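Right, one structure below, let's go through it.
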2 protein chains.
Amino acid sequence: MSGKLGVMAISDDNTGSAPCHRRSICGVACSLDLLGDKWTLLVVRDLLLGKRTFGELQASPEGIPTNILADRLKRLQAEDIVYKELYQERPRRYRYHLSAKGADLGPVLFSLLRWANKHIPGTMSVAEVQAMMEENRS
Amino acid sequence: MSGKLGVMAISDDNTGSAPCHRRSICGVACSLDLLGDKWTLLVVRDLLLGKRTFGELQASPEGIPTNILADRLKRLQAEDIVYKELYQERPRRYRYHLSAKGADLGPVLFSLLRWANKHIPGTMSVAEVQAMMEENRS
DNA sequence: CTGCTCACTTGTTAATTGAAAGTGACTAGA
DNA sequence: TCTAGTCACTTTCAATTAACAAGTGAGCAG
């Protein structure tokens, strides 16, 4: 019956490229392996909104701890969701950007946002966020 | 500048109904406060796929630990995303169901799945999952 | 009475998180 | 030159959370 469901267990990873720890071949499970925590998608959100530097990301209202931010940026780079650009030598300063893979998370964030708007009172509307995004395009 | 972005910090929760611990009024952040971990959305996925009992949920290929499953079902019920139905006295047995709020997470799961299909090789397609869902409708 | 299922709960240990402080490379001002 | 401040992290460590294994209680089948 569990096999029939198609959400089958993955026994081995002999064909995989990275040393990934997939719990199954289900796309939802694989996505959550990469994005399933309280902070990762907030970092992606901020990058979509045009934030670029460590300091800007840190300054978000949710107040992400700096060690978690550094760790998440590292993980997201390892997954090719984010890349960094050196914009200044002496001292070295970086700007972070979403790759195409990262930018494709936009619809995920919008669906989360739509759900929140419908079911959690007091959350910002999609229209408000889109206005914000236009306002902040560099 | 952070105020201008609209993703503003929430200072107080004097109007809120539940004793919620919102990090901000951003819908993404609020959603992640409820759903942001590796297991919660997998439970929602299984309920969408028609699984109903504790044992069926436990039997998913990802192998959720029973204490985590019990905890997540408790949390999801507290958030009115899931409700349980007593289908048997002596011994008491329950069936779990998604509320309307929970069923509305479908689009979130589909967007995650579409992202995975595009960017994580070897994940199941939306078509496969939809076929599965039809097959398992009670 | 024995073993079995289901739906959990309870330990115990391992890993992760979060708050705060520290580091290194600079820049600007007295 | 000395002091203070910014930026981008890293380190430390207590506290929370997760994972694994085992146990519990209510029944049922032989």
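We name chains A, B, ... following the order of the structure tokens; residues begin at 1 in each chain, and ligands are numbered from 1 as shown.
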List the spatial neighbours of segment 2-8 of chain D as an NGL selection string - criterion: any atom at most 8 Å away, only C-alpha atoms (C1' of nucleotides), same-chain residues fewer than 5 positions off excluded. :A and (54-55 or 93)
File of the preceding selection, N, CA, C and O atoms, as a PDB file, in the first residue's frame:
ATOM      1  N   PHE A  54      24.721  41.326   4.119  1.00  0.00           N
ATOM      2  CA  PHE A  54      24.536  40.627   5.394  1.00  0.00           C
ATOM      3  C   PHE A  54      23.798  41.531   6.386  1.00  0.00           C
ATOM      4  O   PHE A  54      22.835  41.117   7.033  1.00  0.00           O
ATOM      5  N   GLY A  55      24.227  42.768   6.445  1.00  0.00           N
ATOM      6  CA  GLY A  55      23.616  43.712   7.376  1.00  0.00           C
ATOM      7  C   GLY A  55      22.160  43.980   7.068  1.00  0.00           C
ATOM      8  O   GLY A  55      21.330  44.057   7.981  1.00  0.00           O
ATOM      9  N   ARG A  93      33.801  42.849   1.019  1.00  0.00           N
ATOM     10  CA  ARG A  93      32.366  42.937   1.279  1.00  0.00           C
ATOM     11  C   ARG A  93      31.615  42.210   0.173  1.00  0.00           C
ATOM     12  O   ARG A  93      31.993  42.303  -1.001  1.00  0.00           O
TER      13      ARG A  93
END
Using only C-alpha atoms (C1' of nucleotides), tabulate the residues of chain C lying at most 8 Å from any atom of chain B, each with its closest atom pair and that distance in Å to one decimal, by chain and increasing residue number, as CSV.
residue,atom,partner,partner_atom,distance
C:DC6,C1',B:Gly55,CA,7.3
C:DA7,C1',B:Phe54,CA,6.7
C:DC8,C1',B:Ala70,CA,7.3
C:DT9,C1',B:Asn67,CA,7.8
Gap from atom CA of Glu128 of chain A to atom CA of Val28 of chain B - Å, one decimal: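 Between these atoms lies a distance of 13.0 Å.
Note that the spacing between atom CA of Ala29 of chain A and atom CA of Leu48 of chain A amounts to 23.3 Å.
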Contact set, chain B to chain A: 7 Å, only C-alpha atoms, as a PDB file with N, CA and C atoms, in the first residue's frame:
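Dumped to part23.pdb:
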ATOM      1  N   SER B   2      13.732  50.139   6.921  1.00  0.00           N
ATOM      2  CA  SER B   2      13.065  48.880   7.225  1.00  0.00           C
ATOM      3  C   SER B   2      11.569  49.097   7.370  1.00  0.00           C
ATOM      4  N   LEU B   5       9.898  49.288   3.977  1.00  0.00           N
ATOM      5  CA  LEU B   5       9.723  47.998   3.313  1.00  0.00           C
ATOM      6  C   LEU B   5       8.377  47.352   3.626  1.00  0.00           C
ATOM      7  N   GLY B   6       7.751  47.808   4.663  1.00  0.00           N
ATOM      8  CA  GLY B   6       6.434  47.271   4.978  1.00  0.00           C
ATOM      9  C   GLY B   6       6.489  46.012   5.808  1.00  0.00           C
ATOM     10  N   VAL B   7       7.601  45.314   5.794  1.00  0.00           N
ATOM     11  CA  VAL B   7       7.736  44.130   6.629  1.00  0.00           C
ATOM     12  C   VAL B   7       8.140  44.626   8.009  1.00  0.00           C
ATOM     13  N   MET B   8       7.167  45.151   8.719  1.00  0.00           N
ATOM     14  CA  MET B   8       7.475  45.834   9.959  1.00  0.00           C
ATOM     15  C   MET B   8       7.387  44.911  11.158  1.00  0.00           C
ATOM     16  N   ALA B   9       8.150  45.242  12.160  1.00  0.00           N
ATOM     17  CA  ALA B   9       8.109  44.474  13.403  1.00  0.00           C
ATOM     18  C   ALA B   9       6.769  44.695  14.086  1.00  0.00           C
ATOM     19  N   ARG B  23       6.750  36.729  14.894  1.00  0.00           N
ATOM     20  CA  ARG B  23       8.011  37.439  14.754  1.00  0.00           C
ATOM     21  C   ARG B  23       7.814  38.740  14.003  1.00  0.00           C
ATOM     22  N   SER B  24       6.749  38.810  13.183  1.00  0.00           N
ATOM     23  CA  SER B  24       6.423  40.026  12.433  1.00  0.00           C
ATOM     24  C   SER B  24       5.015  39.870  11.891  1.00  0.00           C
ATOM     25  N   ILE B  25       4.538  40.862  11.151  1.00  0.00           N
ATOM     26  CA  ILE B  25       3.214  40.746  10.554  1.00  0.00           C
ATOM     27  C   ILE B  25       3.303  40.214   9.128  1.00  0.00           C
ATOM     28  N   CYS B  26       4.489  39.821   8.717  1.00  0.00           N
ATOM     29  CA  CYS B  26       4.655  39.255   7.375  1.00  0.00           C
ATOM     30  C   CYS B  26       3.996  37.880   7.310  1.00  0.00           C
ATOM     31  N   GLY B  27       3.184  37.667   6.279  1.00  0.00           N
ATOM     32  CA  GLY B  27       2.485  36.397   6.128  1.00  0.00           C
ATOM     33  C   GLY B  27       3.433  35.226   5.988  1.00  0.00           C
ATOM     34  N   VAL B  28       4.544  35.451   5.325  1.00  0.00           N
ATOM     35  CA  VAL B  28       5.518  34.367   5.170  1.00  0.00           C
ATOM     36  C   VAL B  28       6.064  33.966   6.539  1.00  0.00           C
ATOM     37  N   ALA B  29       6.431  34.957   7.327  1.00  0.00           N
ATOM     38  CA  ALA B  29       6.966  34.678   8.664  1.00  0.00           C
ATOM     39  C   ALA B  29       5.920  33.984   9.532  1.00  0.00           C
ATOM     40  N   SER B  31       3.351  32.184   8.537  1.00  0.00           N
ATOM     41  CA  SER B  31       3.166  30.818   8.052  1.00  0.00           C
ATOM     42  C   SER B  31       4.280  29.919   8.570  1.00  0.00           C
ATOM     43  N   LEU B  32       5.505  30.415   8.489  1.00  0.00           N
ATOM     44  CA  LEU B  32       6.640  29.601   8.920  1.00  0.00           C
ATOM     45  C   LEU B  32       6.629  29.371  10.425  1.00  0.00           C
ATOM     46  N   ASP B  33       6.031  30.307  11.179  1.00  0.00           N
ATOM     47  CA  ASP B  33       5.891  30.069  12.623  1.00  0.00           C
ATOM     48  C   ASP B  33       5.061  28.810  12.876  1.00  0.00           C
ATOM     49  N   GLY B  36       6.930  25.908   9.679  1.00  0.00           N
ATOM     50  CA  GLY B  36       8.340  25.921   9.310  1.00  0.00           C
ATOM     51  C   GLY B  36       9.185  24.872  10.001  1.00  0.00           C
ATOM     52  N   ASP B  37       9.048  23.649   9.588  1.00  0.00           N
ATOM     53  CA  ASP B  37       9.956  22.602  10.042  1.00  0.00           C
ATOM     54  C   ASP B  37       9.923  21.463   9.029  1.00  0.00           C
ATOM     55  N   LYS B  38      10.676  20.429   9.295  1.00  0.00           N
ATOM     56  CA  LYS B  38      10.839  19.372   8.310  1.00  0.00           C
ATOM     57  C   LYS B  38       9.665  18.406   8.245  1.00  0.00           C
ATOM     58  N   LEU B  42       4.728  17.596   5.703  1.00  0.00           N
ATOM     59  CA  LEU B  42       4.626  16.203   5.245  1.00  0.00           C
ATOM     60  C   LEU B  42       3.377  15.543   5.812  1.00  0.00           C
ATOM     61  N   SER B  60       4.438   6.407   6.382  1.00  0.00           N
ATOM     62  CA  SER B  60       4.975   7.106   5.209  1.00  0.00           C
ATOM     63  C   SER B  60       6.462   6.835   5.045  1.00  0.00           C
ATOM     64  N   PRO B  61       6.927   6.907   3.794  1.00  0.00           N
ATOM     65  CA  PRO B  61       8.308   6.516   3.506  1.00  0.00           C
ATOM     66  C   PRO B  61       9.362   7.315   4.254  1.00  0.00           C
ATOM     67  N   GLU B  62       9.022   8.532   4.662  1.00  0.00           N
ATOM     68  CA  GLU B  62      10.018   9.353   5.352  1.00  0.00           C
ATOM     69  C   GLU B  62      10.282   8.866   6.776  1.00  0.00           C
ATOM     70  N   LYS B 101      -9.016  25.223   6.386  1.00  0.00           N
ATOM     71  CA  LYS B 101      -7.720  25.915   6.515  1.00  0.00           C
ATOM     72  C   LYS B 101      -6.572  25.009   6.113  1.00  0.00           C
ATOM     73  N   ASP B 104      -6.522  24.259   2.351  1.00  0.00           N
ATOM     74  CA  ASP B 104      -6.003  25.402   1.587  1.00  0.00           C
ATOM     75  C   ASP B 104      -4.484  25.406   1.499  1.00  0.00           C
ATOM     76  N   LEU B 105      -3.826  24.508   2.198  1.00  0.00           N
ATOM     77  CA  LEU B 105      -2.372  24.401   2.062  1.00  0.00           C
ATOM     78  C   LEU B 105      -1.984  23.620   0.808  1.00  0.00           C
ATOM     79  N   PRO B 107      -2.224  24.369  -2.414  1.00  0.00           N
ATOM     80  CA  PRO B 107      -1.405  25.154  -3.345  1.00  0.00           C
ATOM     81  C   PRO B 107       0.032  25.356  -2.873  1.00  0.00           C
ATOM     82  N   VAL B 108       0.221  25.474  -1.572  1.00  0.00           N
ATOM     83  CA  VAL B 108       1.585  25.613  -1.049  1.00  0.00           C
ATOM     84  C   VAL B 108       2.381  24.349  -1.367  1.00  0.00           C
ATOM     85  N   LEU B 109       1.760  23.197  -1.108  1.00  0.00           N
ATOM     86  CA  LEU B 109       2.442  21.935  -1.382  1.00  0.00           C
ATOM     87  C   LEU B 109       2.715  21.763  -2.867  1.00  0.00           C
ATOM     88  N   SER B 111       3.159  24.152  -5.079  1.00  0.00           N
ATOM     89  CA  SER B 111       4.234  25.042  -5.529  1.00  0.00           C
ATOM     90  C   SER B 111       5.590  24.502  -5.089  1.00  0.00           C
ATOM     91  N   LEU B 112       5.650  23.922  -3.898  1.00  0.00           N
ATOM     92  CA  LEU B 112       6.892  23.283  -3.450  1.00  0.00           C
ATOM     93  C   LEU B 112       7.258  22.127  -4.372  1.00  0.00           C
ATOM     94  N   LEU B 113       6.222  21.364  -4.755  1.00  0.00           N
ATOM     95  CA  LEU B 113       6.437  20.201  -5.602  1.00  0.00           C
ATOM     96  C   LEU B 113       6.911  20.613  -6.988  1.00  0.00           C
ATOM     97  N   TRP B 115       8.515  23.303  -7.743  1.00  0.00           N
ATOM     98  CA  TRP B 115       9.895  23.771  -7.602  1.00  0.00           C
ATOM     99  C   TRP B 115      10.860  22.584  -7.547  1.00  0.00           C
ATOM    100  N   ALA B 116      10.485  21.588  -6.774  1.00  0.00           N
ATOM    101  CA  ALA B 116      11.346  20.409  -6.645  1.00  0.00           C
ATOM    102  C   ALA B 116      11.497  19.691  -7.987  1.00  0.00           C
ATOM    103  N   ASN B 117      10.389  19.557  -8.711  1.00  0.00           N
ATOM    104  CA  ASN B 117      10.436  18.866 -10.003  1.00  0.00           C
ATOM    105  C   ASN B 117      11.368  19.569 -10.971  1.00  0.00           C
ATOM    106  N   HIS B 119      13.930  21.648 -10.082  1.00  0.00           N
ATOM    107  CA  HIS B 119      15.295  21.894  -9.613  1.00  0.00           C
ATOM    108  C   HIS B 119      15.956  20.751  -8.851  1.00  0.00           C
ATOM    109  N   GLY B 122      15.052  13.688  -9.950  1.00  0.00           N
ATOM    110  CA  GLY B 122      14.585  12.443  -9.347  1.00  0.00           C
ATOM    111  C   GLY B 122      13.367  12.568  -8.467  1.00  0.00           C
ATOM    112  N   THR B 123      12.736  13.746  -8.448  1.00  0.00           N
ATOM    113  CA  THR B 123      11.528  13.890  -7.633  1.00  0.00           C
ATOM    114  C   THR B 123      10.290  13.615  -8.480  1.00  0.00           C
ATOM    115  N   MET B 124       9.248  13.158  -7.811  1.00  0.00           N
ATOM    116  CA  MET B 124       7.987  12.822  -8.494  1.00  0.00           C
ATOM    117  C   MET B 124       7.318  14.037  -9.108  1.00  0.00           C
ATOM    118  N   MET B 132      -2.040   9.741  -8.085  1.00  0.00           N
ATOM    119  CA  MET B 132      -2.070   9.111  -6.783  1.00  0.00           C
ATOM    120  C   MET B 132      -3.259   9.569  -5.950  1.00  0.00           C
TER     121      MET B 132
END
Contacts of DT13 of chain C within 12 Å, only C-alpha atoms (C1' of nucleotides), excl. fewer than 4 positions in-chain, as a VMD selection string: chain D and resid 18 to 21
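With distances taken over only C-alpha atoms (C1' of nucleotides), A:Arg95 is the one residue among A:Arg75, A:Lys51, A:Arg95, A:His21 lying closest to chain D.
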Rounded to one decimal, what separation in Å do you get between atom CA of Arg90 of chain B and atom C1' of DC4 of chain C?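 Atom C1' of DC4 of chain C lies at a distance of 16.6 Å from atom CA of Arg90 of chain B.
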Of the candidates A:Ala78, A:Gln88, A:His97, A:Val43, which shows the shortest atom-to-atom distance to chain D, using only C-alpha atoms (C1' of nucleotides)?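 For chain D, the nearest of the given residues is A:Gln88.
Every protein, DNA or RNA residue with an atom at most 10 Å from DT17 of chain D, where only C-alpha atoms (C1' of nucleotides) count and chain neighbours fewer than 5 positions away do not, is listed here: DA15, DT16 and DT17 of chain C.
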